[in-house]
$ cat target.tsv   # TSV, C-alpha atoms and all ligand atoms
chain	number	residue	atom	x	y	z
A	1	MET	CA	49.09	74.86	124.44
A	2	GLU	CA	49.17	75.84	128.15
A	3	ALA	CA	50.61	73.02	130.24
A	4	ALA	CA	47.63	73.26	132.62
A	5	GLU	CA	45.29	72.39	129.71
A	6	LEU	CA	47.49	69.57	128.51
A	7	ARG	CA	46.29	66.01	129.05
A	8	VAL	CA	49.18	63.69	129.73
A	9	GLY	CA	49.13	59.91	129.45
A	10	PHE	CA	51.48	57.15	130.57
A	11	VAL	CA	51.39	53.73	128.93
A	12	GLY	CA	53.21	51.73	131.59
A	13	ALA	CA	53.02	52.93	135.16
A	14	GLY	CA	56.24	51.73	136.77
A	15	ARG	CA	59.20	53.47	138.38
A	16	MET	CA	60.12	55.77	135.52
A	17	ALA	CA	56.53	56.76	134.64
A	18	GLY	CA	55.93	57.43	138.34
A	19	GLY	CA	59.10	59.55	138.52
A	20	VAL	CA	58.17	61.73	135.57
A	21	ALA	CA	54.57	62.10	136.76
A	22	ARG	CA	55.74	63.06	140.24
A	23	GLY	CA	58.04	65.74	138.81
A	24	LEU	CA	55.18	67.23	136.76
A	25	LEU	CA	52.83	67.19	139.76
A	26	LEU	CA	55.34	68.63	142.26
A	27	ALA	CA	56.03	71.52	139.89
A	28	GLY	CA	52.29	72.09	139.38
A	29	LYS	CA	52.89	71.78	135.62
A	30	VAL	CA	49.92	69.50	134.98
A	31	PRO	CA	46.90	69.00	137.28
A	32	ALA	CA	46.65	65.43	138.59
A	33	GLY	CA	43.19	65.08	137.02
A	34	ASN	CA	44.75	65.62	133.57
A	35	ILE	CA	47.02	62.59	133.96
A	36	LEU	CA	45.90	59.08	132.96
A	37	ALA	CA	48.16	56.05	133.40
A	38	SER	CA	47.67	52.51	132.13
A	39	ALA	CA	49.16	49.15	133.10
A	40	PRO	CA	47.89	45.58	132.76
A	41	SER	CA	47.51	45.10	136.52
A	42	ASP	CA	46.78	47.28	139.53
A	43	ARG	CA	50.26	46.61	140.98
A	44	ASN	CA	51.70	50.01	139.98
A	45	LEU	CA	48.53	52.01	139.45
A	46	GLY	CA	47.83	52.61	143.15
A	47	ALA	CA	50.63	55.18	143.44
A	48	PHE	CA	49.13	57.15	140.53
A	49	ARG	CA	45.66	57.05	142.12
A	50	GLU	CA	47.05	58.19	145.48
A	51	SER	CA	48.45	61.28	143.70
A	52	GLY	CA	44.98	62.05	142.29
A	53	CYS	CA	45.77	60.80	138.77
A	54	ARG	CA	43.35	58.62	136.83
A	55	THR	CA	44.22	55.03	135.90
A	56	THR	CA	43.06	52.35	133.49
A	57	HIS	CA	43.99	48.86	132.31
A	58	CYS	CA	43.35	49.91	128.71
A	59	ASN	CA	46.25	51.44	126.75
A	60	LEU	CA	43.93	52.69	124.00
A	61	GLU	CA	42.01	54.75	126.56
A	62	VAL	CA	45.26	56.65	127.28
A	63	LEU	CA	45.52	57.55	123.59
A	64	GLN	CA	41.88	58.63	123.47
A	65	ASP	CA	42.28	60.79	126.59
A	66	SER	CA	45.72	62.37	126.17
A	67	THR	CA	47.67	64.60	123.80
A	68	LEU	CA	51.13	63.94	125.22
A	69	VAL	CA	51.71	60.22	125.73
A	70	PHE	CA	54.77	58.77	127.47
A	71	LEU	CA	55.53	55.16	126.50
A	72	ALA	CA	57.04	53.80	129.71
A	73	THR	CA	56.99	50.03	129.39
A	74	LYS	CA	60.15	47.90	129.34
A	75	PRO	CA	61.79	47.97	125.87
A	76	HIS	CA	60.97	44.34	124.96
A	77	VAL	CA	57.25	45.01	125.56
A	78	LEU	CA	57.22	48.19	123.47
A	79	PRO	CA	56.82	46.72	119.93
A	80	GLY	CA	53.64	44.92	121.04
A	81	VAL	CA	52.35	48.08	122.70
A	82	LEU	CA	53.05	50.12	119.56
A	83	GLN	CA	51.17	47.57	117.46
A	84	GLU	CA	48.23	47.80	119.88
A	85	ILE	CA	48.04	51.62	120.03
A	86	ARG	CA	48.88	52.32	116.37
A	87	PRO	CA	45.22	52.50	115.20
A	88	ALA	CA	44.47	55.12	117.87
A	89	VAL	CA	47.46	57.39	117.15
A	90	CYS	CA	46.34	60.66	115.51
A	91	PRO	CA	48.23	63.71	114.16
A	92	HIS	CA	47.56	65.71	117.36
A	93	HIS	CA	49.37	63.17	119.55
A	94	ILE	CA	52.89	63.74	120.81
A	95	ILE	CA	54.40	60.33	121.59
A	96	VAL	CA	57.45	60.19	123.85
A	97	SER	CA	59.26	56.87	124.32
A	98	LEU	CA	61.37	56.32	127.43
A	99	ALA	CA	62.53	52.86	126.39
A	100	ALA	CA	66.27	52.22	126.53
A	101	GLY	CA	67.77	51.35	123.16
A	102	VAL	CA	64.60	51.69	121.06
A	103	THR	CA	65.54	54.01	118.19
A	104	LEU	CA	63.51	56.75	116.53
A	105	GLN	CA	63.71	54.70	113.33
A	106	THR	CA	61.97	51.76	115.04
A	107	LEU	CA	59.39	54.02	116.70
A	108	GLN	CA	58.63	55.72	113.38
A	109	ARG	CA	58.38	52.39	111.58
A	110	LEU	CA	55.86	51.06	114.08
A	111	LEU	CA	53.74	54.24	114.29
A	112	PRO	CA	51.66	55.90	111.54
A	113	ALA	CA	53.70	57.97	109.07
A	114	GLY	CA	54.24	61.54	110.23
A	115	THR	CA	53.54	60.85	113.93
A	116	LYS	CA	55.10	63.41	116.25
A	117	VAL	CA	57.46	61.12	118.13
A	118	LEU	CA	60.35	61.88	120.47
A	119	ARG	CA	62.84	59.60	122.21
A	120	LEU	CA	63.65	60.49	125.81
A	121	MET	CA	66.21	58.97	128.15
A	122	PRO	CA	65.53	60.00	131.74
A	123	ASN	CA	67.04	58.72	134.95
A	124	LEU	CA	65.47	57.71	138.23
A	125	PRO	CA	66.27	60.89	140.26
A	126	CYS	CA	63.39	62.51	138.29
A	127	VAL	CA	61.47	61.20	141.33
A	128	VAL	CA	63.14	63.91	143.44
A	129	GLN	CA	63.23	66.48	140.64
A	130	ALA	CA	66.99	66.00	140.20
A	131	GLY	CA	66.94	63.91	137.04
A	132	ALA	CA	69.27	64.17	134.05
A	133	MET	CA	67.40	63.73	130.78
A	134	VAL	CA	68.17	64.00	127.08
A	135	PHE	CA	65.80	63.68	124.16
A	136	SER	CA	65.76	63.69	120.35
A	137	ARG	CA	63.00	64.39	117.89
A	138	GLY	CA	61.69	62.19	115.12
A	139	ASP	CA	60.95	63.61	111.67
A	140	GLY	CA	57.34	64.53	112.50
A	141	ALA	CA	58.14	66.45	115.71
A	142	GLY	CA	59.06	70.13	115.46
A	143	GLU	CA	60.47	72.93	117.61
A	144	GLN	CA	57.09	73.34	119.30
A	145	GLU	CA	56.95	69.75	120.55
A	146	ALA	CA	60.60	69.90	121.67
A	147	ALA	CA	59.95	73.15	123.57
A	148	LEU	CA	56.85	71.71	125.23
A	149	LEU	CA	58.68	68.56	126.36
A	150	LYS	CA	61.67	70.56	127.62
A	151	SER	CA	59.48	72.99	129.51
A	152	LEU	CA	57.45	70.21	131.15
A	153	LEU	CA	60.43	68.04	132.03
A	154	SER	CA	62.50	70.89	133.44
A	155	SER	CA	60.39	70.23	136.56
A	156	CYS	CA	62.04	66.79	136.77
A	157	GLY	CA	65.63	68.05	136.45
A	158	LEU	CA	68.13	68.86	133.71
A	159	CYS	CA	66.64	68.27	130.25
A	160	GLU	CA	68.54	68.81	126.99
A	161	GLU	CA	67.80	68.13	123.34
A	162	VAL	CA	70.70	66.17	121.76
A	163	PRO	CA	71.51	64.31	118.54
A	164	GLU	CA	70.09	60.79	118.75
A	165	SER	CA	73.61	59.29	118.70
A	166	TYR	CA	74.11	60.65	122.24
A	167	ILE	CA	71.08	58.92	123.72
A	168	ASN	CA	72.64	55.47	124.19
A	169	ILE	CA	75.75	57.17	125.62
A	170	HIS	CA	73.55	59.08	128.08
A	171	THR	CA	71.98	55.74	129.01
A	172	GLY	CA	75.46	54.38	129.85
A	173	LEU	CA	76.50	57.56	131.65
A	174	SER	CA	73.38	58.55	133.51
A	175	GLY	CA	70.31	56.35	132.99
A	176	SER	CA	72.30	53.37	134.24
A	177	GLY	CA	74.93	55.56	135.94
A	178	VAL	CA	72.64	56.16	138.91
A	179	ALA	CA	73.13	52.49	139.82
A	180	TYR	CA	76.94	52.78	139.70
A	181	VAL	CA	76.73	55.72	142.08
A	182	TYR	CA	74.59	53.69	144.50
A	183	LEU	CA	77.18	50.93	144.37
A	184	PHE	CA	79.89	53.47	145.18
A	185	ALA	CA	77.76	54.94	147.99
A	186	GLU	CA	77.24	51.48	149.44
A	187	ALA	CA	80.97	50.76	149.28
A	188	LEU	CA	81.81	54.08	150.97
A	189	ALA	CA	79.39	53.34	153.79
A	190	GLU	CA	80.61	49.76	154.18
A	191	GLY	CA	84.18	51.00	154.47
A	192	ALA	CA	83.06	53.21	157.34
A	193	VAL	CA	81.14	50.32	158.94
A	194	LYS	CA	84.32	48.24	158.71
A	195	MET	CA	86.13	50.97	160.60
A	196	GLY	CA	83.45	51.01	163.32
A	197	MET	CA	80.76	53.55	162.33
A	198	PRO	CA	77.07	52.49	162.63
A	199	GLY	CA	75.57	51.63	159.19
A	200	PRO	CA	72.65	54.10	159.08
A	201	LEU	CA	74.92	57.04	159.98
A	202	ALA	CA	77.54	55.88	157.45
A	203	SER	CA	74.84	55.69	154.72
A	204	ARG	CA	73.56	59.18	155.47
A	205	ILE	CA	77.07	60.61	155.40
A	206	ALA	CA	77.92	58.73	152.17
A	207	ALA	CA	74.82	60.22	150.50
A	208	GLN	CA	75.59	63.74	151.76
A	209	THR	CA	79.19	63.35	150.54
A	210	LEU	CA	77.99	62.49	147.02
A	211	LEU	CA	75.44	65.31	147.07
A	212	GLY	CA	78.00	67.87	148.25
A	213	ALA	CA	80.64	66.76	145.75
A	214	ALA	CA	78.11	66.86	142.88
A	215	LYS	CA	76.83	70.29	143.94
A	216	MET	CA	80.36	71.72	144.02
A	217	MET	CA	81.06	70.31	140.56
A	218	LEU	CA	77.90	71.91	139.16
A	219	GLU	CA	78.19	75.23	141.02
A	220	THR	CA	81.93	75.86	140.48
A	221	GLY	CA	82.04	74.47	136.93
A	222	GLU	CA	85.54	73.20	137.81
A	223	HIS	CA	86.98	70.01	136.29
A	224	PRO	CA	86.62	67.16	138.81
A	225	ALA	CA	90.40	66.60	138.73
A	226	LYS	CA	90.91	70.17	140.05
A	227	LEU	CA	88.37	69.65	142.83
A	228	ARG	CA	89.97	66.32	143.71
A	229	GLY	CA	93.34	68.04	143.95
A	230	ASP	CA	91.85	70.57	146.39
A	231	VAL	CA	91.01	67.71	148.79
A	232	CYS	CA	94.51	66.18	148.72
A	233	THR	CA	96.94	67.36	151.38
A	234	PRO	CA	100.49	66.34	150.39
A	235	GLY	CA	101.33	63.21	152.39
A	236	GLY	CA	97.81	63.33	153.87
A	237	THR	CA	94.90	60.90	154.12
A	238	THR	CA	93.24	61.43	150.72
A	239	ILE	CA	96.26	60.71	148.54
A	240	HIS	CA	96.79	57.44	150.43
A	241	ALA	CA	93.18	56.48	149.67
A	242	LEU	CA	93.37	57.60	146.02
A	243	HIS	CA	96.45	55.43	145.54
A	244	GLN	CA	94.37	52.40	146.61
A	245	LEU	CA	91.55	53.37	144.19
A	246	GLU	CA	94.06	53.70	141.33
A	247	LYS	CA	95.53	50.27	142.21
A	248	GLY	CA	91.97	48.92	141.95
A	249	ALA	CA	91.65	50.61	138.52
A	250	LEU	CA	88.52	52.49	139.59
A	251	ARG	CA	88.66	54.91	136.67
A	252	ALA	CA	89.19	52.25	134.00
A	253	THR	CA	86.49	50.10	135.59
A	254	VAL	CA	83.95	52.94	135.56
A	255	MET	CA	84.84	53.81	131.95
A	256	ASN	CA	84.34	50.13	131.06
A	257	ALA	CA	80.95	50.20	132.80
A	258	VAL	CA	79.77	53.24	130.78
A	259	GLU	CA	81.01	51.55	127.60
A	260	ALA	CA	79.27	48.25	128.46
A	261	ALA	CA	75.91	49.91	129.17
A	262	THR	CA	76.14	52.08	126.04
A	263	ASN	CA	76.93	49.04	123.89
A	264	ARG	CA	74.08	47.12	125.49
A	265	ALA	CA	71.66	49.97	124.68
A	266	CYS	CA	72.91	49.87	121.05
A	267	ASP	CA	72.39	46.07	120.93
A	268	MET	CA	68.89	46.40	122.39
A	269	GLY	CA	68.02	48.80	119.54
A	270	LYS	CA	68.92	46.31	116.80
A	271	ASP	CA	65.78	44.93	115.17
B	301	LIG	N1	64.26	52.49	135.81
B	301	LIG	C1	65.14	53.37	135.34
B	301	LIG	O1	66.05	53.85	136.07
B	301	LIG	C2	65.08	53.83	133.92
B	301	LIG	C3	64.20	53.24	133.03
B	301	LIG	N2	64.15	53.69	131.72
B	301	LIG	C4	63.23	53.09	130.78
B	301	LIG	O2	61.91	53.31	131.25
B	301	LIG	C5	61.08	52.24	130.86
B	301	LIG	C6	60.30	51.76	132.05
B	301	LIG	O3	61.23	51.26	133.00
B	301	LIG	P1	60.79	51.09	134.53
B	301	LIG	O4	59.84	52.16	134.91
B	301	LIG	O5	62.05	50.90	135.28
B	301	LIG	O6	60.02	49.69	134.44
B	301	LIG	P2	58.88	49.11	135.41
B	301	LIG	O7	58.96	47.62	135.27
B	301	LIG	O8	58.98	49.73	136.76
B	301	LIG	O9	57.55	49.65	134.70
B	301	LIG	C7	57.03	49.10	133.52
B	301	LIG	C8	55.53	49.31	133.54
B	301	LIG	O10	54.99	48.84	132.31
B	301	LIG	C9	53.80	48.11	132.61
B	301	LIG	N3	53.49	47.22	131.48
B	301	LIG	C10	53.96	45.98	131.21
B	301	LIG	N4	53.39	45.52	130.06
B	301	LIG	C11	52.54	46.50	129.63
B	301	LIG	C12	51.68	46.63	128.52
B	301	LIG	N5	51.56	45.66	127.60
B	301	LIG	N6	50.96	47.77	128.39
B	301	LIG	C13	51.08	48.77	129.30
B	301	LIG	N7	51.89	48.71	130.37
B	301	LIG	C14	52.62	47.60	130.52
B	301	LIG	C15	54.12	47.40	133.91
B	301	LIG	O11	52.95	46.94	134.54
B	301	LIG	C16	54.79	48.55	134.64
B	301	LIG	O12	53.82	49.40	135.22
B	301	LIG	C17	61.97	51.16	130.25
B	301	LIG	O13	61.79	51.14	128.86
B	301	LIG	C18	63.39	51.57	130.62
B	301	LIG	O14	64.30	51.27	129.58
B	301	LIG	C19	64.90	54.73	131.29
B	301	LIG	C20	65.77	55.33	132.13
B	301	LIG	C21	65.95	54.94	133.50
B	302	LIG	O1	68.78	49.09	132.99
B	302	LIG	C1	68.10	49.54	132.06
B	302	LIG	O2	68.02	48.94	130.97
B	302	LIG	C2	67.33	50.83	132.25
B	302	LIG	C3	67.77	51.89	131.27
B	302	LIG	C4	68.58	52.86	132.05
B	302	LIG	C5	68.33	52.48	133.43
B	302	LIG	N1	67.60	51.41	133.52
$ encode --input "target.tsv" --output "structure tokens"
Amino acid sequence: MEAAELRVGFVGAGRMAGGVARGLLLAGKVPAGNILASAPSDRNLGAFRESGCRTTHCNLEVLQDSTLVFLATKPHVLPGVLQEIRPAVCPHHIIVSLAAGVTLQTLQRLLPAGTKVLRLMPNLPCVVQAGAMVFSRGDGAGEQEAALLKSLLSSCGLCEEVPESYINIHTGLSGSGVAYVYLFAEALAEGAVKMGMPGPLASRIAAQTLLGAAKMMLETGEHPAKLRGDVCTPGGTTIHALHQLEKGALRATVMNAVEAATNRACDMGKD
């Protein structure tokens, strides 16, 4: 099916649904008129309407209108939503869950047998088409559905198909990882404020520093330890700062954070 003919639905219209929809629209992958989003209240629907998308308070209407349906509610709400939409799910639907922790086994158990279902873990920078996403297919979804999802979501950033066992790890690394990076950015900027730089300038420079460092890592393909070494002049400023970070156990703390978020995603998936 041509993406331009595809009708795309969102059940749940919050930050992540908005991010994915924005990526699709910016890339011209799906016309705004082909997108329908549902939520119980108007709180989040305004942003969809402003982009030219259609909105409703009725989840079943999304199923009736769309072929590709993103389930973008919070994980604890999802079982109730699946129970509600189940009677309207047909063989032509492609159902994509964004919910952290919710396994393909649970999705398949709560949907009609044979449903084409995929489990996606995105991250918030989809909003600016710089997301990092991984997905896995359920038993009813084939190469065609995987290719369609990958092609559509490539407009939102990096998108890879992975074994399902990687999805909770990706949640700890990247889905949640965005928040760790913001914490680091905030700390960088506050350090500069402490030393006398105005806050707004320090924030802009912190963000550009993260962007530049990430771009070099992606474009050179070098290990971050090599790139870090390139910044260190013997006896210079950087090695004095890195010594402080090592004393604060930055690396172990970040590894613990990834582990904690991954374990939490696993716990959230237990029925
Ligand atoms: N925010 C993030 O950075 C990421 C979120 N996710 C996942 O995306 C999903 C959505 O998260 P957010 O967008 O952050 O949440 P959000 O709270 O911004 O959006 C949730 C949306 O679901 C709607 N909703 C609530 N009950 C509903 C119901 N019964 N039927 C239909 N819609 C209903 C809300 O009105 C809201 O529009 C979650 O499952 C989360 O695990 C995944 C990766 C990153
Ligand atoms: O905090 C959460 O549970 C969600 C999943 C990844 C990012 N936000």
$ residues_near_ligand --input "target.tsv" --ligand "ligand LIG 302 (chain B)" --cutoff "7 Å" --atoms "all atoms listed in the file" --output "JSON, numbers by chain"
{"A": [100, 123, 171, 175, 176]}
$ axis_aligned_box --input "target.tsv" --around "ligand LIG 301 (chain B)" --padding-each-side "4 Å" --output "JSON"
{"center_x": 58.5, "center_y": 50.4, "center_z": 132.2, "size_x": 23.1, "size_y": 17.8, "size_z": 17.2}
$ residues_near_point --input "target.tsv" --point "(56.7, 65.9, 144.2)" --cutoff "10 Å" --atoms "all atoms listed in the file" --output "compact mmCIF listing (two decimals) with C-alpha atoms, in the frame of the given file"
# COMPACT_ATOMS: atom_id res chain seq x y z
CA GLY A 19 59.10 59.55 138.52
CA VAL A 20 58.17 61.73 135.57
CA ALA A 21 54.57 62.10 136.76
CA ARG A 22 55.74 63.06 140.24
CA GLY A 23 58.04 65.74 138.81
CA LEU A 24 55.18 67.23 136.76
CA LEU A 25 52.83 67.19 139.76
CA LEU A 26 55.34 68.63 142.26
CA ALA A 27 56.03 71.52 139.89
CA GLY A 28 52.29 72.09 139.38
CA SER A 51 48.45 61.28 143.70
CA CYS A 126 63.39 62.51 138.29
CA VAL A 127 61.47 61.20 141.33
CA VAL A 128 63.14 63.91 143.44
CA GLN A 129 63.23 66.48 140.64
CA SER A 155 60.39 70.23 136.56
CA CYS A 156 62.04 66.79 136.77
$ closest_atom_pairs --input "target.tsv" --of "stretch 82-103 of chain A" --to "stretch 55-67 of chain A" --cutoff "12 Å" --atoms "only C-alpha atoms" --output "CSV"
residue,atom,partner,partner_atom,distance
A:Leu82,CA,A:Asn59,CA,10.0
A:Gln83,CA,A:Leu60,CA,11.0
A:Glu84,CA,A:Leu60,CA,7.7
A:Ile85,CA,A:Leu60,CA,5.8
A:Arg86,CA,A:Leu60,CA,9.1
A:Pro87,CA,A:Leu60,CA,8.9
A:Ala88,CA,A:Leu63,CA,6.3
A:Val89,CA,A:Leu63,CA,6.7
A:Cys90,CA,A:Leu63,CA,8.7
A:Pro91,CA,A:Thr67,CA,9.7
A:His92,CA,A:Thr67,CA,6.5
A:His93,CA,A:Thr67,CA,4.8
A:Ile94,CA,A:Thr67,CA,6.1
A:Ile95,CA,A:Thr67,CA,8.3
A:Val96,CA,A:Thr67,CA,10.7
$ write_last_selection --input "target.tsv" --atoms "C-alpha atoms" --output "mmCIF file, keeping the file's coordinate frame"
data_model
loop_
_atom_site.group_PDB
_atom_site.id
_atom_site.type_symbol
_atom_site.label_atom_id
_atom_site.label_comp_id
_atom_site.auth_asym_id
_atom_site.auth_seq_id
_atom_site.Cartn_x
_atom_site.Cartn_y
_atom_site.Cartn_z
ATOM 1 C CA LEU A 82 53.050 50.120 119.560
ATOM 2 C CA GLN A 83 51.170 47.570 117.460
ATOM 3 C CA GLU A 84 48.230 47.800 119.880
ATOM 4 C CA ILE A 85 48.040 51.620 120.030
ATOM 5 C CA ARG A 86 48.880 52.320 116.370
ATOM 6 C CA PRO A 87 45.220 52.500 115.200
ATOM 7 C CA ALA A 88 44.470 55.120 117.870
ATOM 8 C CA VAL A 89 47.460 57.390 117.150
ATOM 9 C CA CYS A 90 46.340 60.660 115.510
ATOM 10 C CA PRO A 91 48.230 63.710 114.160
ATOM 11 C CA HIS A 92 47.560 65.710 117.360
ATOM 12 C CA HIS A 93 49.370 63.170 119.550
ATOM 13 C CA ILE A 94 52.890 63.740 120.810
ATOM 14 C CA ILE A 95 54.400 60.330 121.590
ATOM 15 C CA VAL A 96 57.450 60.190 123.850
#
$ residues_near_ligand --input "target.tsv" --ligand "ligand LIG 301 (chain B)" --cutoff "9 Å" --atoms "all atoms listed in the file" --output "PyMOL selection string"
chain A and resi 10-19+37-45+57-59+71-78+80-81+84+97-102+120-125+133+171+174-176+178-179+265
$ atom_distance --input "target.tsv" --atom1 "atom CA of A:Leu158" --atom2 "atom CA of A:His170"
12.5 Å
$ residues_near_point --input "target.tsv" --point "(80.2, 61.0, 159.3)" --cutoff "12 Å" --atoms "all atoms listed in the file" --output "PDB file with C-alpha atoms, in the coordinates of the input"
ATOM      1  CA  LEU A 188      81.810  54.080 150.970  1.00  0.00           C
ATOM      2  CA  ALA A 189      79.390  53.340 153.790  1.00  0.00           C
ATOM      3  CA  GLY A 191      84.180  51.000 154.470  1.00  0.00           C
ATOM      4  CA  ALA A 192      83.060  53.210 157.340  1.00  0.00           C
ATOM      5  CA  VAL A 193      81.140  50.320 158.940  1.00  0.00           C
ATOM      6  CA  MET A 195      86.130  50.970 160.600  1.00  0.00           C
ATOM      7  CA  GLY A 196      83.450  51.010 163.320  1.00  0.00           C
ATOM      8  CA  MET A 197      80.760  53.550 162.330  1.00  0.00           C
ATOM      9  CA  PRO A 198      77.070  52.490 162.630  1.00  0.00           C
ATOM     10  CA  GLY A 199      75.570  51.630 159.190  1.00  0.00           C
ATOM     11  CA  PRO A 200      72.650  54.100 159.080  1.00  0.00           C
ATOM     12  CA  LEU A 201      74.920  57.040 159.980  1.00  0.00           C
ATOM     13  CA  ALA A 202      77.540  55.880 157.450  1.00  0.00           C
ATOM     14  CA  SER A 203      74.840  55.690 154.720  1.00  0.00           C
ATOM     15  CA  ARG A 204      73.560  59.180 155.470  1.00  0.00           C
ATOM     16  CA  ILE A 205      77.070  60.610 155.400  1.00  0.00           C
ATOM     17  CA  ALA A 206      77.920  58.730 152.170  1.00  0.00           C
ATOM     18  CA  ALA A 207      74.820  60.220 150.500  1.00  0.00           C
ATOM     19  CA  GLN A 208      75.590  63.740 151.760  1.00  0.00           C
ATOM     20  CA  THR A 209      79.190  63.350 150.540  1.00  0.00           C
TER      21      THR A 209
END
$ atom_distance --input "target.tsv" --atom1 "atom CA of A:Gln108" --atom2 "atom CA of A:Arg7"
22.4 Å
$ atom_distance --input "target.tsv" --atom1 "atom CA of A:Val117" --atom2 "atom CA of A:Leu148"
12.8 Å
$ residues_around --input "target.tsv" --residues "A:Glu164" --least-positions-apart "4" --cutoff "10 Å" --atoms "all atoms listed in the file" --output "PyMOL selection string"
chain A and resi 103-104+118-120+134-138+168-169
$ write_last_selection --input "target.tsv" --atoms "C-alpha atoms" --output "mmCIF file, keeping the file's coordinate frame"
data_model
loop_
_atom_site.group_PDB
_atom_site.id
_atom_site.type_symbol
_atom_site.label_atom_id
_atom_site.label_comp_id
_atom_site.auth_asym_id
_atom_site.auth_seq_id
_atom_site.Cartn_x
_atom_site.Cartn_y
_atom_site.Cartn_z
ATOM 1 C CA THR A 103 65.540 54.010 118.190
ATOM 2 C CA LEU A 104 63.510 56.750 116.530
ATOM 3 C CA LEU A 118 60.350 61.880 120.470
ATOM 4 C CA ARG A 119 62.840 59.600 122.210
ATOM 5 C CA LEU A 120 63.650 60.490 125.810
ATOM 6 C CA VAL A 134 68.170 64.000 127.080
ATOM 7 C CA PHE A 135 65.800 63.680 124.160
ATOM 8 C CA SER A 136 65.760 63.690 120.350
ATOM 9 C CA ARG A 137 63.000 64.390 117.890
ATOM 10 C CA GLY A 138 61.690 62.190 115.120
ATOM 11 C CA ASN A 168 72.640 55.470 124.190
ATOM 12 C CA ILE A 169 75.750 57.170 125.620
#
$ closest_residue --input "target.tsv" --among "A:Leu227, A:Ile35, A:Leu152, A:Val258" --to "A:Gly52" --atoms "all atoms listed in the file"
A:Ile35
$ closest_residue --input "target.tsv" --among "A:Leu183, A:Leu36, A:Met268, A:Ile167" --to "A:Thr106" --atoms "all atoms listed in the file"
A:Met268
$ build_atoms --input "target.tsv" --residues "stretch 186-198 of chain A" --atoms "N, CA and C atoms" --output "compact mmCIF listing (two decimals), in the frame of the given file"
# COMPACT_ATOMS: atom_id res chain seq x y z
N GLU A 186 77.30 52.65 148.56
CA GLU A 186 77.24 51.48 149.44
C GLU A 186 78.64 51.09 149.90
N ALA A 187 79.59 51.14 148.95
CA ALA A 187 80.97 50.76 149.28
C ALA A 187 81.59 51.77 150.26
N LEU A 188 81.31 53.05 150.04
CA LEU A 188 81.81 54.08 150.97
C LEU A 188 81.32 53.79 152.38
N ALA A 189 80.00 53.56 152.47
CA ALA A 189 79.39 53.34 153.79
C ALA A 189 79.93 52.06 154.43
N GLU A 190 80.12 51.03 153.62
CA GLU A 190 80.61 49.76 154.18
C GLU A 190 82.05 49.89 154.68
N GLY A 191 82.82 50.73 153.99
CA GLY A 191 84.18 51.00 154.47
C GLY A 191 84.13 51.62 155.86
N ALA A 192 83.19 52.54 156.04
CA ALA A 192 83.06 53.21 157.34
C ALA A 192 82.56 52.24 158.40
N VAL A 193 81.64 51.35 158.00
CA VAL A 193 81.14 50.32 158.94
C VAL A 193 82.31 49.43 159.36
N LYS A 194 83.16 49.09 158.40
CA LYS A 194 84.32 48.24 158.71
C LYS A 194 85.21 48.92 159.75
N MET A 195 85.27 50.25 159.65
CA MET A 195 86.13 50.97 160.60
C MET A 195 85.42 51.30 161.91
N GLY A 196 84.11 50.90 162.02
CA GLY A 196 83.45 51.01 163.32
C GLY A 196 82.28 51.98 163.40
N MET A 197 81.89 52.61 162.26
CA MET A 197 80.76 53.55 162.33
C MET A 197 79.44 52.79 162.13
N PRO A 198 78.37 53.16 162.85
CA PRO A 198 77.07 52.49 162.63
C PRO A 198 76.60 52.68 161.18
